[in-house]
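Q: Dropping a structure here in structure tokens format, bear with me for questions.
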Amino acid sequence: MIEYALEYPDKLYFPLLEHIQMLFITLILSLILASILTIITIYSESLSKTFVYIFSVIYSIPSLAIFALLIPLTGLGKTTAIIVLVLYNQYLLLRNITEGLKEVDPAVTEAAIGIGMNKIQLLFKIKIPLSKKAIFTGVRLAVVSTIGIATIAAFINAGGLGSILNDGLRTVNTVKILWGSILAAGLAIGSNAILSKWEQRL
Amino acid sequence: MENNLWIQIKTYFHNNLGTFLNAVKEHLEISLISLGIAMIIGIVCGYLCVKHKQLESKIVPIFQVLRVIPSLAVLLLLLPIIGTGMKSAVIALVLLAVPPVLMNTVVGIKEVPSFMIESAYGMGMTEKQVLWKVQFPLAMPLIFTGIKIAMIEIIASATLAAKIGSGGVGEIIFTGLGLNRTDLLLIGGITVGLLTILSSLLLELINRVVMRYKYVKS
């Protein structure tokens with residue numbers, strides 16, 4: 001096993017980088033989309049519930065099924081994978097953000113309204129700084145789930161660590177399967193551990 | 001094109017209805033078997049964790065890590081050890097489904113207010129009676145949420161399990177991917193999507209019945 005890694009380091013290194021790249025693109029896009037949706041939802045309670053409900057239904061559909069349904073529209077490859085991953089992340093992010101914003105002490109928000117803040121100021125100056133821990137939990141969950149689902153995306157030719165698994169499976173190469181699984185699991189566990197540490201410090 | 005696709009889907013159902021129904025049956029079979037085993041392991045371990053504190057610090061972290069590992073990695077890691085087929089798929093799915101059930105059982109039983117347990121003992125209930133008549137019914141809503149999460153996780157991962165030769169609807173999707181056939185992709189995708197949505201609706205209905213016991217903190 002170690003010989004394989006020493007002999008072909010680029011075969012493990014490149015998919016890992018590709019995986020991390022996919023993770024970052026997805027994370028940035030989903031954060032942008034989630035913040036837009038959050039700003040929309042501060043104006044209407046029922047709209048925020050509807051969003052969370054719609055995304056929870058999407059979240060419960062298996063990733064492979066959504067990939068299969070999107071392929072006729074957007075084709076194989078990274079684009080489809082990233083669209084699906086961003087959609088999945090919306091549930092985790094929105095749920096945590098709305099819950100975090102709701103947990104803010106009403107006395108504080110009332111005082112803020114009392115000194116004349118409007119809704120946007122209230123959101124950015126009071127609610128977000130006070131609920132950053134809950135928001136960060138959402139980001140952590142989104143990162144972990146993105147790493148997991150991105151391995152599945154290799155089946156639709158999006159590359160990443162899943163491609164090592166896929167190759168290993170096709171050629172019955174146990175070493176490759178093991179390396180792929182270990183790297184995927186390690187990446188997920190490692191980033192979860194680092195982000196949890198960071199979360200505690202907030 | 002649109003019309004063509006519709007005809008393709010129609011011919012598929014005309015020619016392969018048996019295969020399709022068999023795939024759905026296999027999918028449900030694997031999911032239900034794994035869910036059953038996961039429920040037993042999860043609830044029993046959860047109860048033991050609450051009862052023996054030192055066990056909790058050992059078992060819970062293991063499953064917490066297990067929950068983070070991508071499902072595909074869990075499925076494929078077992079492949080060299082157990083081989084392909086339904087057995088290894090069920091083992092992998094159980095491993096994926098135990099954590100939510102276990103965690104929610106631990107939290108559910110712990111959240112039962114201690115005054116209720118004390119008053120149950122005070123009324124002269126034995127330990128068994130307290131467990132079955134007070135702790136479990138009150139923990140049920142949370143345990144049920146865990147089962148629901150586990151069910152969705154299992155149906156999703158059972159689709160992937162087709163890759164390690166366990167059959168199911170995932171096979172239709174993978175065949176569609178391999179042959180680049182949109183009709184197969186759509187049939188597989190919609191079927192799995194419907195399966196998850198229907199099963200979560202069904203569980204929601206059962207949940208309504210179970211929720212009668214929900215303890216509302218005032």
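Chain identifiers are assigned as A, B, and so on, following the order in which chains appear in the structure tokens; residues are numbered from 1 within each chain, and ligands are numbered from 1 in order of appearance.
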Considering only C-alpha atoms, return as a compact mmCIF listing (two decimals) with N, CA and C atoms, in the first residue's frame whatever protein or nucleic-acid residues lie within 6 Å of segment 54-67 of chain A, sequence-local ones (same chain, fewer than 3 positions apart) excluded.
A:
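Writing the result to around27.txt gives the following:
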```
# COMPACT_ATOMS: atom_id res chain seq x y z
N PHE A 51 -38.71 28.08 2.39
CA PHE A 51 -37.38 27.76 1.85
C PHE A 51 -36.81 26.53 2.54
N LEU A 70 -30.30 15.47 -13.27
CA LEU A 70 -29.73 16.70 -13.85
C LEU A 70 -28.89 16.45 -15.09
N TYR A 88 -27.68 20.96 -2.00
CA TYR A 88 -27.70 20.21 -0.74
C TYR A 88 -27.28 21.09 0.43
N TYR A 91 -29.79 23.51 2.48
CA TYR A 91 -30.60 23.06 3.61
C TYR A 91 -29.84 23.21 4.92
N ALA B 156 -30.79 6.37 0.44
CA ALA B 156 -29.83 7.05 -0.42
C ALA B 156 -28.61 6.18 -0.67
N GLY B 189 -33.71 7.86 -11.37
CA GLY B 189 -33.67 9.03 -10.49
C GLY B 189 -35.03 9.33 -9.89
N GLY B 193 -36.07 9.08 -5.97
CA GLY B 193 -36.59 10.29 -5.35
C GLY B 193 -37.96 10.05 -4.74
```
Q: Using 10 Å as the limit and counting only C-alpha atoms, can you tabulate each residue of chain B that touches chain A, with its shortest atom-to-atom distance in Å and the two atoms involved, as a Markdown table?
A:
```
| residue | atom | partner | partner_atom | distance |
| --- | --- | --- | --- | --- |
| B:Gln64 | CA | A:Ile189 | CA | 9.8 |
| B:Val65 | CA | A:Ile189 | CA | 6.8 |
| B:Leu66 | CA | A:Ile189 | CA | 9.0 |
| B:Arg67 | CA | A:Ile189 | CA | 9.4 |
| B:Val68 | CA | A:Ile189 | CA | 6.1 |
| B:Ile69 | CA | A:Ala185 | CA | 4.8 |
| B:Pro70 | CA | A:Gly148 | CA | 4.0 |
| B:Ser71 | CA | A:Gly148 | CA | 6.6 |
| B:Leu72 | CA | A:Ile152 | CA | 6.6 |
| B:Ala73 | CA | A:Ser181 | CA | 4.5 |
| B:Val74 | CA | A:Ser181 | CA | 7.3 |
| B:Leu75 | CA | A:Ser181 | CA | 9.0 |
| B:Leu76 | CA | A:Ile177 | CA | 6.7 |
| B:Leu77 | CA | A:Ser181 | CA | 6.2 |
| B:Leu78 | CA | A:Leu178 | CA | 9.4 |
| B:Leu79 | CA | A:Thr174 | CA | 8.4 |
| B:Pro80 | CA | A:Thr174 | CA | 6.2 |
| B:Ile81 | CA | A:Thr174 | CA | 9.8 |
| B:Ile149 | CA | A:Ser60 | CA | 8.9 |
| B:Met151 | CA | A:Ser60 | CA | 10.0 |
| B:Ile152 | CA | A:Ser60 | CA | 6.3 |
| B:Glu153 | CA | A:Pro62 | CA | 8.0 |
| B:Ile154 | CA | A:Pro62 | CA | 9.5 |
| B:Ile155 | CA | A:Pro62 | CA | 7.4 |
| B:Ala156 | CA | A:Pro62 | CA | 4.4 |
| B:Ser157 | CA | A:Pro62 | CA | 7.5 |
| B:Ala158 | CA | A:Pro62 | CA | 9.3 |
| B:Thr159 | CA | A:Leu64 | CA | 7.2 |
| B:Leu160 | CA | A:Leu64 | CA | 7.3 |
| B:Lys163 | CA | A:Leu169 | CA | 8.5 |
| B:Ile164 | CA | A:Leu169 | CA | 8.4 |
| B:Val169 | CA | A:Ala65 | CA | 9.7 |
| B:Gly170 | CA | A:Leu64 | CA | 8.0 |
| B:Ile173 | CA | A:Ala68 | CA | 6.7 |
| B:Phe174 | CA | A:Phe155 | CA | 8.4 |
| B:Gly176 | CA | A:Ala68 | CA | 8.4 |
| B:Leu177 | CA | A:Ile156 | CA | 7.5 |
| B:Gly178 | CA | A:Phe155 | CA | 9.6 |
| B:Asn180 | CA | A:Ile71 | CA | 9.5 |
| B:Arg181 | CA | A:Pro72 | CA | 9.2 |
| B:Thr182 | CA | A:Pro72 | CA | 6.2 |
| B:Asp183 | CA | A:Pro72 | CA | 9.2 |
| B:Leu184 | CA | A:Ala68 | CA | 8.8 |
| B:Leu185 | CA | A:Ala68 | CA | 5.0 |
| B:Leu186 | CA | A:Leu69 | CA | 5.5 |
| B:Ile187 | CA | A:Leu69 | CA | 8.8 |
| B:Gly188 | CA | A:Ala65 | CA | 6.9 |
| B:Gly189 | CA | A:Ala65 | CA | 3.9 |
| B:Ile190 | CA | A:Ala65 | CA | 6.9 |
| B:Thr191 | CA | A:Ala65 | CA | 8.3 |
| B:Val192 | CA | A:Ala65 | CA | 6.2 |
| B:Gly193 | CA | A:Ile61 | CA | 5.1 |
| B:Leu194 | CA | A:Ile61 | CA | 8.2 |
| B:Leu195 | CA | A:Ile61 | CA | 8.7 |
| B:Thr196 | CA | A:Ile61 | CA | 6.1 |
| B:Ile197 | CA | A:Ile61 | CA | 7.2 |
| B:Ser200 | CA | A:Ser60 | CA | 8.4 |
```
Q: Within 10 Å of Leu21 of chain B, counting only C-alpha atoms, which residues show up once you throw out same-chain ones fewer than 5 positions away? Write them as a PyMOL selection string, please.
A: chain B and resi 13+16+26-27+168-169
Q: Would you mind listing what lies within 9 Å of Thr79 of chain A as an MDAnalysis selection string, with only C-alpha atoms counted and same-chain residues fewer than 5 positions away left out?
A: chainID A and resid 74 84 158
Q: Take the residues from that selection and write them out as a PDB file, in the first residue's frame, keeping N, CA and C atoms.
A:
```
ATOM      1  N   THR A  74     -27.816  19.329 -17.681  1.00  0.00           N
ATOM      2  CA  THR A  74     -26.525  20.023 -17.624  1.00  0.00           C
ATOM      3  C   THR A  74     -25.349  19.146 -18.036  1.00  0.00           C
ATOM      4  N   VAL A  84     -25.528  20.373  -7.717  1.00  0.00           N
ATOM      5  CA  VAL A  84     -26.183  19.501  -6.730  1.00  0.00           C
ATOM      6  C   VAL A  84     -25.641  19.774  -5.333  1.00  0.00           C
ATOM      7  N   ALA A 158     -16.919  13.840 -12.393  1.00  0.00           N
ATOM      8  CA  ALA A 158     -16.528  15.138 -11.856  1.00  0.00           C
ATOM      9  C   ALA A 158     -15.142  15.085 -11.238  1.00  0.00           C
TER      10      ALA A 158
END
```
Q: Which residues in segment 40-72 of chain A does DSSP call alpha helix (DSSP H)? List them as a PyMOL selection string.
A: chain A and resi 40-41+45-60+63-72
Q: Please list as number ranges by chain every residue within 12 Å of Ile25 of chain A, counting only C-alpha atoms and excluding residues in the same chain fewer than 4 positions away.
A: A: 18-21, 29-32, 78-79, 81-83, 85-86, 143, 146, 150
Q: Kindly give the distance, in Å, that separates atom CA of Leu198 of chain B and atom CA of Thr11 of chain B, rounded to a single decimal.
A: 25.5 Å
Q: Give me the residues near Ile126 of chain A as a list in words, where near means some atom within 10 Å (using only C-alpha atoms) and where sequence neighbours in that chain fewer than 3 positions away do not count.
A: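 Here the answer would be Leu101, Val104, Val108, Thr109, Ala112, Met117, Ile120, Gln121, Leu122, Leu123, Pro129, Leu130 and Ser131 of chain A.
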Q: Excluding Ala120 of chain B and any residue of its chain fewer than 5 positions from it, enumerate the residues within 12 Å of it, using only C-alpha atoms, and give them as number ranges by chain.
A: B: 112-115, 125-135
Q: Hey, can you check how far atom CA of Gly146 of chain B sits from atom CA of Ile194 of chain A?
A: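 Taking atom CA of Gly146 of chain B and atom CA of Ile194 of chain A, their separation equals 26.1 Å.
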Q: Please measure the separation of atom CA of Gln200 of chain A and atom CA of Gly100 of chain A, giving the value in Å to one decimal.
A: 15.6 Å
